[in-house]
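Novice: Quick one, my_file27.cif (mmCIF, C-alpha atoms and all ligand atoms):
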data_protein
loop_
_atom_site.label_atom_id
_atom_site.label_comp_id
_atom_site.auth_asym_id
_atom_site.auth_seq_id
_atom_site.Cartn_x
_atom_site.Cartn_y
_atom_site.Cartn_z
CA MET A 268 86.87 93.19 72.51
CA ILE A 269 89.66 90.68 73.12
CA LEU A 270 89.96 88.35 76.12
CA TRP A 271 93.47 87.84 77.50
CA GLY A 272 93.51 84.66 79.61
CA LEU A 273 90.93 81.89 79.23
CA GLY A 274 90.98 80.39 82.72
CA ALA A 275 88.02 80.24 85.09
CA MET A 276 87.31 83.99 84.89
CA GLY A 277 88.06 84.37 81.18
CA ARG A 278 85.52 81.65 80.41
CA LEU A 279 82.80 83.36 82.43
CA MET A 280 83.61 86.67 80.76
CA ALA A 281 83.38 85.03 77.32
CA ARG A 282 79.84 83.83 78.14
CA MET A 283 78.76 87.28 79.28
CA VAL A 284 80.19 89.06 76.26
CA LEU A 285 78.73 86.51 73.83
CA ALA A 286 75.32 87.05 75.45
CA ASP A 287 75.51 90.83 75.08
CA PRO A 288 73.97 92.49 72.00
CA ASP A 289 76.00 95.65 72.70
CA LEU A 290 79.43 93.99 72.81
CA LYS A 291 81.39 91.98 70.28
CA LEU A 292 84.01 89.38 71.14
CA VAL A 293 86.53 89.38 68.31
CA GLY A 294 89.49 87.42 69.71
CA ALA A 295 91.25 85.84 72.66
CA VAL A 296 94.82 85.24 73.79
CA SER A 297 95.49 81.89 75.41
CA ARG A 298 98.65 80.08 76.46
CA ARG A 299 96.96 76.83 75.55
CA VAL A 300 97.03 77.68 71.85
CA SER A 301 100.32 77.08 70.06
CA GLU A 302 101.37 78.87 66.88
CA SER A 303 100.76 75.71 64.85
CA ARG A 304 97.24 75.08 66.21
CA ALA A 305 96.27 78.73 66.29
CA ALA A 306 94.56 79.08 62.93
CA GLY A 307 91.65 76.79 63.63
CA THR A 308 91.17 76.79 67.40
CA ASP A 309 87.73 78.09 68.35
CA ILE A 310 87.52 80.00 71.65
CA ALA A 311 84.77 77.58 72.66
CA GLU A 312 87.22 74.67 72.55
CA VAL A 313 89.79 76.42 74.76
CA ALA A 314 87.28 77.97 77.14
CA GLY A 315 84.97 74.93 77.43
CA LEU A 316 81.90 76.73 76.06
CA ASN A 317 78.88 74.70 74.92
CA ARG A 318 78.68 75.96 71.33
CA PRO A 319 81.26 77.05 68.76
CA THR A 320 81.78 80.82 68.54
CA GLY A 321 83.48 81.05 65.16
CA ILE A 322 86.12 83.17 66.90
CA ALA A 323 89.68 81.88 66.95
CA ALA A 324 91.93 81.89 70.01
CA SER A 325 95.50 83.15 69.42
CA PRO A 326 98.84 82.54 71.14
CA THR A 327 99.77 86.24 71.31
CA LEU A 328 98.06 89.63 71.44
CA ALA A 329 99.69 90.62 68.15
CA ALA A 330 98.19 87.56 66.45
CA ALA A 331 94.77 88.22 68.00
CA VAL A 332 94.77 91.86 66.86
CA GLU A 333 95.92 90.91 63.38
CA LYS A 334 93.22 88.26 63.05
CA ALA A 335 90.42 90.28 64.60
CA GLY A 336 90.93 93.90 63.68
CA GLY A 337 88.66 96.59 65.07
CA ALA A 338 89.07 95.66 68.76
CA GLN A 339 88.93 98.59 71.20
CA VAL A 340 89.43 96.92 74.57
CA VAL A 341 91.08 93.93 76.26
CA LEU A 342 89.67 92.08 79.27
CA GLN A 343 92.75 90.85 81.12
CA ALA A 344 92.34 87.77 83.37
CA THR A 345 95.84 86.34 83.60
CA SER A 346 97.44 87.23 86.95
CA SER A 347 97.00 88.90 90.35
CA LEU A 348 100.21 90.90 90.36
CA ALA A 349 100.79 94.32 88.84
CA ARG A 350 104.40 93.54 87.87
CA GLU A 351 103.30 90.39 85.99
CA CYS A 352 100.51 92.29 84.23
CA ALA A 353 102.65 95.28 83.28
CA PRO A 354 104.20 93.90 80.05
CA GLU A 355 100.74 92.77 78.89
CA LEU A 356 99.29 96.21 79.66
CA GLN A 357 102.12 97.83 77.75
CA ALA A 358 101.42 95.57 74.75
CA CYS A 359 97.72 96.55 74.87
CA LEU A 360 98.62 100.25 74.80
CA GLU A 361 100.99 99.63 71.88
CA HIS A 362 98.11 98.00 69.99
CA ASP A 363 95.84 100.99 70.68
CA LEU A 364 93.62 99.19 73.19
CA ASP A 365 91.96 100.12 76.49
CA VAL A 366 92.15 97.50 79.27
CA VAL A 367 89.84 96.24 82.00
CA SER A 368 91.90 93.96 84.27
CA ILE A 369 90.86 91.80 87.22
CA ALA A 370 94.40 91.61 88.64
CA GLU A 371 93.90 92.31 92.35
CA GLU A 372 96.90 94.62 92.63
CA LEU A 373 95.64 96.79 89.77
CA ALA A 374 92.57 97.81 91.82
CA TYR A 375 94.90 100.40 93.38
CA PRO A 376 98.49 99.68 92.26
CA TRP A 377 99.84 102.71 94.13
CA ALA A 378 99.31 100.64 97.33
CA GLY A 379 102.03 98.10 96.53
CA ASN A 380 104.11 99.55 93.72
CA PRO A 381 103.74 103.31 93.32
CA LYS A 382 106.60 103.65 90.82
CA LEU A 383 105.12 101.03 88.51
CA ALA A 384 101.66 102.59 88.93
CA ASP A 385 102.98 106.03 87.93
CA ARG A 386 104.81 104.53 84.97
CA LEU A 387 101.67 102.73 83.74
CA ASP A 388 99.59 105.86 84.26
CA GLU A 389 102.02 107.92 82.21
CA ALA A 390 102.20 105.28 79.45
CA ALA A 391 98.38 105.10 79.28
CA ARG A 392 98.05 108.90 79.08
CA GLU A 393 100.69 109.10 76.36
CA ALA A 394 98.95 106.37 74.39
CA GLY A 395 95.56 108.05 74.92
CA HIS A 396 94.08 104.90 76.49
CA THR A 397 92.50 103.81 79.77
CA ILE A 398 93.50 100.98 82.12
CA LEU A 399 91.16 99.95 84.96
CA GLY A 400 91.61 97.32 87.68
CA THR A 401 88.38 95.87 89.06
CA GLY A 402 86.79 92.62 90.29
CA VAL A 403 84.55 91.38 93.06
CA ASN A 404 87.17 91.90 95.74
CA PRO A 405 89.15 94.03 95.46
CA GLY A 406 87.05 96.11 93.12
CA PHE A 407 83.62 95.88 94.70
CA VAL A 408 82.55 94.21 97.97
CA LEU A 409 85.21 95.49 100.36
CA ASP A 410 85.75 98.88 98.69
CA THR A 411 83.40 100.26 95.97
CA LEU A 412 80.24 99.03 97.72
CA ILE A 413 81.42 100.52 101.03
CA ILE A 414 82.29 103.82 99.36
CA VAL A 415 78.88 104.03 97.68
CA LEU A 416 77.18 103.44 101.06
CA THR A 417 79.11 106.30 102.64
CA GLY A 418 77.52 108.55 100.02
CA VAL A 419 74.41 108.85 102.21
CA THR A 420 76.25 109.67 105.42
CA GLY A 421 76.94 113.08 106.85
CA HIS A 422 80.08 111.90 108.62
CA VAL A 423 82.14 108.68 108.65
CA ALA A 424 83.87 107.73 111.92
CA SER A 425 85.04 104.23 110.94
CA VAL A 426 84.42 101.31 108.58
CA TYR A 427 84.12 97.60 109.37
CA ALA A 428 83.43 94.90 106.77
CA ARG A 429 83.60 91.15 106.61
CA ARG A 430 83.38 88.84 103.59
CA VAL A 431 82.88 85.18 104.52
CA ASN A 432 83.24 83.04 101.45
CA ASP A 433 83.45 79.51 100.13
CA LEU A 434 86.71 78.50 98.43
CA SER A 435 85.37 75.14 97.19
CA PRO A 436 84.92 76.18 93.51
CA PHE A 437 88.56 77.24 93.18
CA GLY A 438 91.48 75.22 91.86
CA PRO A 439 94.93 74.12 93.04
CA THR A 440 96.57 77.59 92.88
CA VAL A 441 94.07 79.08 95.30
CA MET A 442 94.31 76.04 97.61
CA ARG A 443 98.08 76.54 97.75
CA THR A 444 98.01 80.31 98.32
CA GLN A 445 95.35 79.93 101.05
CA GLY A 446 97.13 77.01 102.74
CA VAL A 447 94.14 74.64 102.47
CA GLY A 448 94.93 71.05 103.49
CA LEU A 449 98.09 71.92 105.44
CA SER A 450 98.80 71.19 109.10
CA VAL A 451 98.72 74.23 111.38
CA ASP A 452 102.53 74.22 111.69
CA GLN A 453 102.98 74.03 107.91
CA PHE A 454 100.45 76.86 107.50
CA ARG A 455 102.39 79.12 109.87
CA GLU A 456 105.72 78.30 108.16
CA LYS A 457 104.28 79.12 104.75
CA VAL A 458 102.77 82.39 105.96
CA ALA A 459 106.22 83.30 107.27
CA ASP A 460 107.98 82.45 103.98
CA GLY A 461 105.28 84.17 101.88
CA THR A 462 103.91 81.06 100.14
CA VAL A 463 100.55 81.32 101.90
CA VAL A 464 99.31 84.84 101.20
CA GLY A 465 95.60 84.65 101.99
CA HIS A 466 93.62 87.38 100.24
CA ILE A 467 95.40 89.65 97.74
CA GLY A 468 93.84 93.10 97.89
CA PHE A 469 93.50 94.48 101.43
CA PRO A 470 95.96 97.39 100.99
CA GLU A 471 94.36 98.17 97.61
CA SER A 472 90.80 98.22 99.07
CA MET A 473 91.89 100.23 102.11
CA HIS A 474 93.66 102.90 100.10
CA LEU A 475 90.64 103.20 97.80
CA ILE A 476 88.32 103.70 100.78
CA ALA A 477 90.67 106.15 102.50
CA LYS A 478 91.19 108.16 99.33
CA ALA A 479 87.44 108.33 98.72
CA LEU A 480 86.78 109.51 102.28
CA GLY A 481 89.58 112.06 102.31
CA VAL A 482 91.91 110.53 104.90
CA ARG A 483 95.47 109.24 104.72
CA LEU A 484 96.24 105.86 106.28
CA THR A 485 99.31 105.98 108.49
CA ALA A 486 99.69 102.17 108.70
CA ILE A 487 98.10 98.92 107.56
CA GLU A 488 98.38 95.85 109.81
CA GLN A 489 97.52 92.40 108.46
CA ALA A 490 97.17 88.98 110.10
CA ARG A 491 96.67 85.52 108.62
CA GLU A 492 95.34 82.79 110.89
CA PRO A 493 94.46 79.17 110.01
CA ILE A 494 90.81 78.08 110.00
CA VAL A 495 91.20 74.62 111.51
CA SER A 496 88.59 72.06 110.51
CA LYS A 497 86.89 69.83 113.07
CA VAL A 498 85.53 67.57 110.33
CA ARG A 499 86.72 65.98 107.08
CA ARG A 500 86.15 68.33 104.14
CA GLN A 501 86.71 67.49 100.49
CA THR A 502 86.57 69.27 97.12
CA PRO A 503 87.70 68.04 93.68
CA HIS A 504 91.10 69.66 94.42
CA VAL A 505 91.82 69.14 98.10
CA LEU A 506 91.20 66.90 101.10
CA VAL A 507 91.16 68.41 104.59
CA GLU A 508 91.38 65.98 107.50
CA PRO A 509 90.05 66.95 110.96
CA GLY A 510 92.66 69.10 112.72
CA TYR A 511 94.03 70.41 109.41
CA VAL A 512 93.59 73.79 107.73
CA ALA A 513 90.34 74.44 105.82
CA GLY A 514 91.24 78.02 104.95
CA CYS A 515 92.73 81.34 105.99
CA ARG A 516 91.21 83.99 108.26
CA HIS A 517 92.89 87.07 106.83
CA THR A 518 92.24 90.37 108.57
CA ALA A 519 93.54 93.90 108.07
CA ARG A 520 93.36 97.15 110.01
CA GLY A 521 93.97 100.54 108.47
CA LEU A 522 95.10 103.15 110.99
CA VAL A 523 94.86 106.91 110.93
CA GLY A 524 97.05 108.52 113.57
CA GLY A 525 97.21 105.39 115.75
CA LYS A 526 93.44 104.76 115.66
CA VAL A 527 91.76 102.01 113.64
CA PHE A 528 89.74 103.67 110.86
CA ILE A 529 89.09 100.66 108.59
CA GLU A 530 88.84 97.04 109.68
CA LEU A 531 88.38 94.34 107.04
CA GLU A 532 88.00 90.59 107.61
CA HIS A 533 88.04 87.91 104.95
CA PRO A 534 87.79 84.36 106.31
CA GLN A 535 87.96 82.02 103.30
CA GLN A 536 87.56 78.26 103.57
CA VAL A 537 86.47 75.18 101.64
CA ARG A 538 83.07 73.64 102.41
CA PRO A 539 82.08 76.18 105.12
CA GLU A 540 78.67 74.48 105.42
CA ALA A 541 80.43 71.38 106.83
CA GLU A 542 80.60 73.23 110.16
CA GLY A 543 77.47 75.34 109.76
CA VAL A 544 79.28 78.50 108.61
CA GLN A 545 77.00 80.74 106.55
CA THR A 546 78.76 82.72 103.83
CA GLY A 547 77.91 86.39 103.45
CA ASP A 548 79.02 89.99 103.11
CA TYR A 549 78.64 92.41 106.05
CA ILE A 550 79.33 96.13 106.10
CA LYS A 551 79.07 98.44 109.12
CA ILE A 552 79.78 102.13 108.78
CA ALA A 553 79.96 104.04 112.05
CA GLY A 554 79.04 107.69 111.62
CA TYR A 555 76.06 109.93 111.16
CA PRO A 556 73.96 107.90 110.67
CA ASP A 557 75.33 104.40 111.38
CA ILE A 558 74.73 102.11 108.40
CA GLU A 559 74.71 98.33 108.41
CA ILE A 560 73.99 95.98 105.51
CA LYS A 561 74.28 92.25 105.07
CA THR A 562 73.91 89.91 102.12
CA ALA A 563 73.88 86.18 102.73
CA PRO A 564 75.01 84.00 101.07
CA GLU A 565 78.07 85.85 99.77
CA ILE A 566 77.90 87.70 96.45
CA PRO A 567 79.28 84.84 94.29
CA GLY A 568 82.90 85.69 93.53
CA GLY A 569 83.32 84.16 90.07
CA ILE A 570 80.14 85.46 88.43
CA ALA A 571 80.53 88.84 90.12
CA THR A 572 84.13 89.27 88.96
CA ALA A 573 83.35 88.42 85.34
CA ALA A 574 80.24 90.62 85.44
CA ILE A 575 81.87 93.72 86.86
CA ALA A 576 84.74 93.45 84.37
CA VAL A 577 82.31 93.19 81.45
CA ASN A 578 80.05 95.89 82.94
CA MET A 579 82.97 98.33 83.17
CA ILE A 580 83.85 98.06 79.45
CA LYS A 581 81.53 100.88 78.34
CA PRO A 582 82.59 103.32 81.09
CA VAL A 583 86.25 102.56 80.32
CA LEU A 584 85.75 103.21 76.61
CA GLU A 585 84.22 106.58 77.51
CA ALA A 586 86.77 107.49 80.22
CA ARG A 587 89.73 109.84 80.08
CA PRO A 588 93.13 108.24 79.40
CA GLY A 589 95.30 107.00 82.28
CA LEU A 590 95.53 104.25 84.87
CA LEU A 591 92.16 104.71 86.61
CA THR A 592 90.44 103.17 89.63
CA MET A 593 86.81 102.46 90.44
CA LEU A 594 86.76 105.90 92.09
CA ASP A 595 87.31 107.61 88.75
CA LEU A 596 84.45 105.96 86.88
CA PRO A 597 80.63 106.09 87.07
CA ILE A 598 78.91 103.65 89.46
CA PRO A 599 78.94 100.13 88.02
CA ARG A 600 75.71 98.78 86.54
CA GLY A 601 74.51 95.53 84.98
CA SER A 602 72.52 94.83 81.82
CA ALA A 603 68.99 93.59 81.23
CA ARG A 604 69.80 93.03 77.57
CA ARG A 605 72.07 90.00 77.81
CA ALA A 606 70.65 86.59 76.86
CA ALA A 607 70.16 84.89 80.24
CA ALA A 608 70.67 81.36 78.93
CA VAL A 609 74.04 82.18 77.34
CA VAL A 610 75.23 84.00 80.48
CA ALA A 611 74.25 81.00 82.59
CA ASP A 612 75.67 78.07 80.61
CA GLY A 613 77.61 79.31 77.59
P1 LIG B 701 93.02 80.86 86.24
O1 LIG B 701 94.29 80.39 86.81
O2 LIG B 701 91.85 79.94 86.15
O3 LIG B 701 93.24 81.45 84.76
C1 LIG B 701 94.28 82.27 84.36
C2 LIG B 701 94.55 81.91 82.90
O4 LIG B 701 95.41 82.87 82.32
C3 LIG B 701 95.22 80.54 82.75
O5 LIG B 701 94.52 79.80 81.76
C4 LIG B 701 96.63 80.90 82.25
O6 LIG B 701 97.16 79.91 81.40
C5 LIG B 701 96.33 82.19 81.50
N1 LIG B 701 97.48 83.06 81.33
C6 LIG B 701 98.34 83.52 82.28
N2 LIG B 701 99.26 84.34 81.70
C7 LIG B 701 98.96 84.39 80.38
C8 LIG B 701 99.52 85.02 79.27
N3 LIG B 701 100.58 85.82 79.40
N4 LIG B 701 98.95 84.84 78.05
C9 LIG B 701 97.86 84.07 77.89
N5 LIG B 701 97.28 83.42 78.91
C10 LIG B 701 97.83 83.58 80.14
O7 LIG B 701 92.63 82.16 87.09
P2 LIG B 701 91.21 82.90 87.14
O8 LIG B 701 90.39 82.34 88.22
O9 LIG B 701 90.67 82.98 85.75
O10 LIG B 701 91.68 84.37 87.60
C11 LIG B 701 92.58 85.14 86.82
C12 LIG B 701 93.28 86.14 87.74
O11 LIG B 701 92.32 87.06 88.24
C13 LIG B 701 93.92 85.47 88.97
O12 LIG B 701 95.16 86.05 89.24
C14 LIG B 701 92.93 85.75 90.08
O13 LIG B 701 93.54 85.81 91.36
C15 LIG B 701 92.38 87.11 89.66
N6 LIG B 701 91.04 87.34 90.18
C16 LIG B 701 90.74 88.55 90.71
C17 LIG B 701 89.48 88.79 91.24
C18 LIG B 701 89.14 90.14 91.81
O14 LIG B 701 88.13 90.23 92.52
N7 LIG B 701 89.86 91.20 91.53
C19 LIG B 701 88.52 87.78 91.25
C20 LIG B 701 88.84 86.55 90.65
C21 LIG B 701 90.10 86.34 90.12
#
In structure tokens, write the structure found in this file.
Ligand code: NAD

Specialist:
Amino acid sequence: MILWGLGAMGRLMARMVLADPDLKLVGAVSRRVSESRAAGTDIAEVAGLNRPTGIAASPTLAAAVEKAGGAQVVLQATSSLARECAPELQACLEHDLDVVSIAEELAYPWAGNPKLADRLDEAAREAGHTILGTGVNPGFVLDTLIIVLTGVTGHVASVYARRVNDLSPFGPTVMRTQGVGLSVDQFREKVADGTVVGHIGFPESMHLIAKALGVRLTAIEQAREPIVSKVRRQTPHVLVEPGYVAGCRHTARGLVGGKVFIELEHPQQVRPEAEGVQTGDYIKIAGYPDIEIKTAPEIPGGIATAAIAVNMIKPVLEARPGLLTMLDLPIPRGSARRAAAVVADG
């Protein structure tokens, strides 16, 4: 397999694949490798792994395929947006490769861009290859996990879920898109002009749930509110003074015929423990019977995203061609065969 994007997630994926006796990492595409340096740059150097891999990173997919040969699938970890991913997906199909992507919008691209989704689906079918969008969220906590839980209900009346997480491990891009460190006024201005977006993935998760449960959402309402800190909070990337924004409380309601059918909440902030906030994932399904589960602390976003992407490689290789979703594939599962030490520290 080939990794496309060696940022925070690509690095974690590299560790998991290198630890797996059933998978073989043969190449990687990274913007940080220039044509001139390409020949000798080990993935370990670009991805900050502890030991050399003997596998070279390449500046383009074409170069990676030429160098590696024999690859069947690409793990794409470059962007959140379907339209940004599309040319890369097209290139993968042209090189005869399946794709597992963690781009949030690809979890259900018909939610935001149905024309592009149809076009990608058609291109994948014509090429005889599979494209899947997955991740921790969207891809698992606020959709697949909920859907699996409904499998033991006789009737579903409504769904409520909340993921409370810690943004501290993330870098400057996430701080900017969540509005961390801003004043409340600046936060509201940037929500209005679209610079602060909060969580990317609510419409995708909601459509996945609705499709699985056999209903059609008539509207999706979203709100983004600042989480204002009472104390000073600091991470390597941001400083939040008291009275300033520590994160974004992003909520969404999916309606069916004027009634709320799905309600999702995703308050994300840096250093939640500074004010005694416990991270965690909570799911409540109202129906017959009612079901409620909770996991605290949160399922860790980085490890979980890399893991589910790597865990979906085998099902994707065995799947029918097309642009698929988590609904189309077998339930995700982990591996007891990977070398724990390599997974944990590279
Ligand atoms: P990151 O910013 O740390 O890394 C992205 C890397 O991709 C960077 O190194 C960048 O240089 C590289 N890149 C971008 N375009 C490229 C291209 N065309 N060719 C080669 N390299 C390219 O981000 P990350 O934390 O690794 O996450 C990657 C993406 O996945 C982000 O958009 C993030 O929002 C998304 N994500 C989704 C989930 C989910 O649950 N679905 C979870 C985590 C991250």

Novice: Could you tell me, counting all atoms listed in the file, which protein and nucleic acid residues lie no more than 8 Å from ligand LIG 701 (chain B), written as an MDAnalysis selection string?

Specialist: chainID A and resid 271:278 296:299 326:327 344:348 355 368:372 374 400:407 437:438 440:441 467:468 568:569 572:573

Novice: Which residues, written as a count of residues only, have at least one atom at most 8 Å from Tyr375 of chain A, with all atoms listed in the file counted and residues fewer than 4 positions away on the same chain left out?

Specialist: 6

Novice: Please indicate the distance in Å from atom CA of Val610 of chain A to atom CA of Ala349 of chain A, rounded to one decimal place.

Specialist: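 Rounded to one decimal, the two atoms are 28.8 Å apart.
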
Novice: So what do you get for atom CA of Val367 of chain A versus atom CA of Pro436 of chain A, distance-wise?

Specialist: 23.6 Å

Novice: Mind pulling up the distance from atom CA of Val408 of chain A to atom CA of Ile570 of chain A?

Specialist: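 Between atom CA of Ile570 of chain A and atom CA of Val408 of chain A the gap works out to 13.2 Å.
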
Novice: Within 9 Å of (86.1, 71.2, 108.7) in the file's own coordinates, which protein, DNA or RNA residues have an atom, counting all atoms listed in the file? List them as a compact mmCIF listing (two decimals) with C-alpha atoms, keeping the file's coordinate frame.

Specialist:
# COMPACT_ATOMS: atom_id res chain seq x y z
CA ILE A 494 90.81 78.08 110.00
CA VAL A 495 91.20 74.62 111.51
CA SER A 496 88.59 72.06 110.51
CA LYS A 497 86.89 69.83 113.07
CA VAL A 498 85.53 67.57 110.33
CA ARG A 499 86.72 65.98 107.08
CA ARG A 500 86.15 68.33 104.14
CA VAL A 507 91.16 68.41 104.59
CA GLU A 508 91.38 65.98 107.50
CA PRO A 509 90.05 66.95 110.96
CA GLY A 510 92.66 69.10 112.72
CA TYR A 511 94.03 70.41 109.41
CA VAL A 512 93.59 73.79 107.73
CA ALA A 513 90.34 74.44 105.82
CA GLN A 536 87.56 78.26 103.57
CA VAL A 537 86.47 75.18 101.64
CA ARG A 538 83.07 73.64 102.41
CA PRO A 539 82.08 76.18 105.12
CA GLU A 540 78.67 74.48 105.42
CA ALA A 541 80.43 71.38 106.83
CA GLU A 542 80.60 73.23 110.16

Novice: Rank nothing, just name the residue among A:Ile552, A:Ala378, A:Val300, A:Leu480 nearest to Arg429 of chain A, using all atoms listed in the file.

Specialist: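 That would be A:Ile552, the residue with the smallest distance to Arg429 of chain A.
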
Novice: Restricting the calculation to only C-alpha atoms, which member of A:Ala314, A:Leu290, A:Leu383, A:Ala295 is positioned closest to Val341 of chain A?

Specialist: A:Ala295

Novice: Tell me which protein, DNA and RNA residues are within 10 Å of Ala606 of chain A, counting all atoms listed in the file, leaving out same-chain ones fewer than 4 positions away, and put them as a list in words.

Specialist: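 Residues near the query, excluding close chain neighbours: Arg282, Met283, Val284, Leu285, Ala286, Asp287, Pro288, Ser602, Val610 and Ala611 of chain A.
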
Novice: Residues within 10 Å of Arg455 of chain A, please, as a list in words. Count only C-alpha atoms; anything in the same chain fewer than 5 positions from it doesn't count.

Specialist: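 Near neighbours after the sequence-gap exclusion: Gly446, Leu449, Ser450, Asp460, Gly461, Val463, Arg491, Glu492 and Pro493 of chain A.
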
Novice: Excluding Arg600 of chain A and any residue of its chain fewer than 2 positions from it, enumerate the residues within 9 Å of it, using only C-alpha atoms, and give them as a VMD selection string.

Specialist: chain A and resid 575 578 to 579 597 to 598 602

Novice: For a quick check of understanding, using all atoms listed in the file, which of A:Leu279, A:Val332, A:Ala384, A:Ala519 has the smallest distance to Gln489 of chain A?

Specialist: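 Looking at the shortest contact to Gln489 of chain A, the residue is A:Ala519.
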
Novice: Using all atoms listed in the file, what residues lie at most 8 Å away from (86.8, 97.6, 102.5) (file coordinates), given as a ChimeraX atom specification?

Specialist: /A:408-411,413,426-428,469,472-473,476,529-531

Novice: Dump C-alpha atoms for the selected residues as an mmCIF file, in the frame of the given file?

Specialist:
data_model
loop_
_atom_site.group_PDB
_atom_site.id
_atom_site.type_symbol
_atom_site.label_atom_id
_atom_site.label_comp_id
_atom_site.auth_asym_id
_atom_site.auth_seq_id
_atom_site.Cartn_x
_atom_site.Cartn_y
_atom_site.Cartn_z
ATOM 1 C CA VAL A 408 82.550 94.210 97.970
ATOM 2 C CA LEU A 409 85.210 95.490 100.360
ATOM 3 C CA ASP A 410 85.750 98.880 98.690
ATOM 4 C CA THR A 411 83.400 100.260 95.970
ATOM 5 C CA ILE A 413 81.420 100.520 101.030
ATOM 6 C CA VAL A 426 84.420 101.310 108.580
ATOM 7 C CA TYR A 427 84.120 97.600 109.370
ATOM 8 C CA ALA A 428 83.430 94.900 106.770
ATOM 9 C CA PHE A 469 93.500 94.480 101.430
ATOM 10 C CA SER A 472 90.800 98.220 99.070
ATOM 11 C CA MET A 473 91.890 100.230 102.110
ATOM 12 C CA ILE A 476 88.320 103.700 100.780
ATOM 13 C CA ILE A 529 89.090 100.660 108.590
ATOM 14 C CA GLU A 530 88.840 97.040 109.680
ATOM 15 C CA LEU A 531 88.380 94.340 107.040
#

Novice: So that I can check the surroundings of Thr546 of chain A, please list as a PDB file with C-alpha atoms, in the coordinates of the input every protein, DNA and RNA residue that reaches within 6 Å of it, counting all atoms listed in the file and ignoring chain neighbours fewer than 3 positions away.

Specialist:
ATOM      1  CA  VAL A 431      82.880  85.180 104.520  1.00  0.00           C
ATOM      2  CA  ASN A 432      83.240  83.040 101.450  1.00  0.00           C
ATOM      3  CA  PRO A 564      75.010  84.000 101.070  1.00  0.00           C
ATOM      4  CA  GLU A 565      78.070  85.850  99.770  1.00  0.00           C
TER       5      GLU A 565
END

Novice: Would you place a box with edges along x, y and z of the file around all atoms of segment 423-432 of chain A listed there, add 3 Å to each of its six sides, and report the centre and edge lengths in Å to one decimal, as JSON?

Specialist:
{"center_x": 83.6, "center_y": 95.9, "center_z": 106.7, "size_x": 8.9, "size_y": 31.6, "size_z": 16.5}

Novice: Measuring atom to atom with all atoms listed in the file, identify which of A:Glu585, A:Glu456, A:Asp433, A:Glu361 is nearest to Val544 of chain A.

Specialist: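 The shortest atom-to-atom distance to Val544 of chain A comes from A:Asp433.
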